[in-house]
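Enquirer: Encoded as structure tokens, here's the structure I'll be asking about.
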Amino acid sequence: HDISSVYDYFQRALALNDKLPSAIAGIGKCNQEGFGVLRNFEEAVRLFTKAAELSEGHCVHAELGLAHAYANGWGVEQDIEVAKTHYTNAKLMGSFDAASKLNGLKQANRQTGKQANRQTGGVEETVMSVSISDKKLDDKQEC
């Protein structure tokens with residue numbers, strides 16, 4: 001099987017249940033990456049949002065897809081704070097990718113702060129931090 005068959009797999013899953021968040025997020029990922037379908041960032045964001053809503057925020061694939069979209073400005077206006085929120089949600093569901101991306105955003109923010117500190121002649125550096133809550137997932141997680 002090649003990577004383009006992934007799109008067909010998710011389509012077949014949706015034919016059985018059109019409200020399956022993991023399949024919707026999977027098609028979103030196919031749109032985001034161009035697997036089996038032409039790359040379409042706007043459609044990917046629409047699908048990730050739908051999957052997140054259907055799963056009540058418990059679909060790690062939807063959260064990651066939205067985080068990547070907002071971090072890179074793919075199909076939406078780039079918004080690092082919104083990206084951090086989605087990466088945090090995915091991290092709380094156990095995503096190592098999300099944890100890594102959050103650390104990368106923190107490092108980039110520190111570097112930006114240091115550069116601004118040098119440019120302003122000693123103005124105190126401000127480093128944004130992401131607060132992680134003790135949010136627990138219930139048994140409804142299916143994504």
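Residue names in the structure tokens use chain letters A, B, ... in the order shown, residue numbers from 1 in each chain, and ligand numbers from 1 in the order shown.
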Show which residues sit within 12 Å of Val76 in chain A, as a PyMOL selection string. Count only C-alpha atoms, and ignore same-chain residues fewer than 2 positions away.
Expert: chain A and resi 40-46+49+65-74+78-80+82-83
Enquirer: Residues near Ile27 in chain A, anyone? I mean within 8 Å using only C-alpha atoms, not counting same-chain ones fewer than 4 positions away, as a list in words.
Expert: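 Non-adjacent residues within range: Tyr7, Phe10, Gln11, Ala23, Asn31, Ala44 and Leu47 of chain A.
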Enquirer: Identify, on the basis of only C-alpha atoms, every residue whose closest approach to Leu102 in chain A does not exceed 8 Å; exclude the query and any residue fewer than 3 positions from it along the same chain; express the result as a ChimeraX atom specification.
Expert: /A:84,87-88,98-99,105-106
Enquirer: If you measure from CA of Leu54 in chain A to CA of Ser100 in chain A, what distance in Å do you get, rounded to one decimal?
Expert: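 Pair CA of Leu54 in chain A / CA of Ser100 in chain A returns 26.2 Å.
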Enquirer: Grab the CA of Gly36 in chain A to CA of Glu56 in chain A distance for me, in Å with one decimal place.
Expert: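 Taking CA of Gly36 in chain A as the start and CA of Glu56 in chain A as the end point, the length is 27.7 Å.
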Enquirer: Excluding range 90-95 of chain A and its own-chain neighbours fewer than 6 positions away, which residues fall within 7 Å of it when counting only C-alpha atoms? Please give them as a ChimeraX atom specification.
Expert: /A:60,63-64
Enquirer: With only C-alpha atoms as the basis for distance, which of A:Cys59, A:Leu16, A:Ala108, A:Cys30 is at the shortest distance from Ser4 in chain A?
Expert: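 For Ser4 in chain A, the nearest of the given residues is A:Cys30.
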Enquirer: What does the distance from CA of Glu33 in chain A to CA of Lys50 in chain A come to in Å, to one decimal?
Expert: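 Computing it gives 17.9 Å between the two atoms.
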Enquirer: Return the single residue from A:Glu81, A:His86, A:Arg12, A:Val37 that is closest to Gly57 in chain A, with distances computed using only C-alpha atoms.
Expert: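 Of all the options, A:His86 lies closest to Gly57 in chain A.
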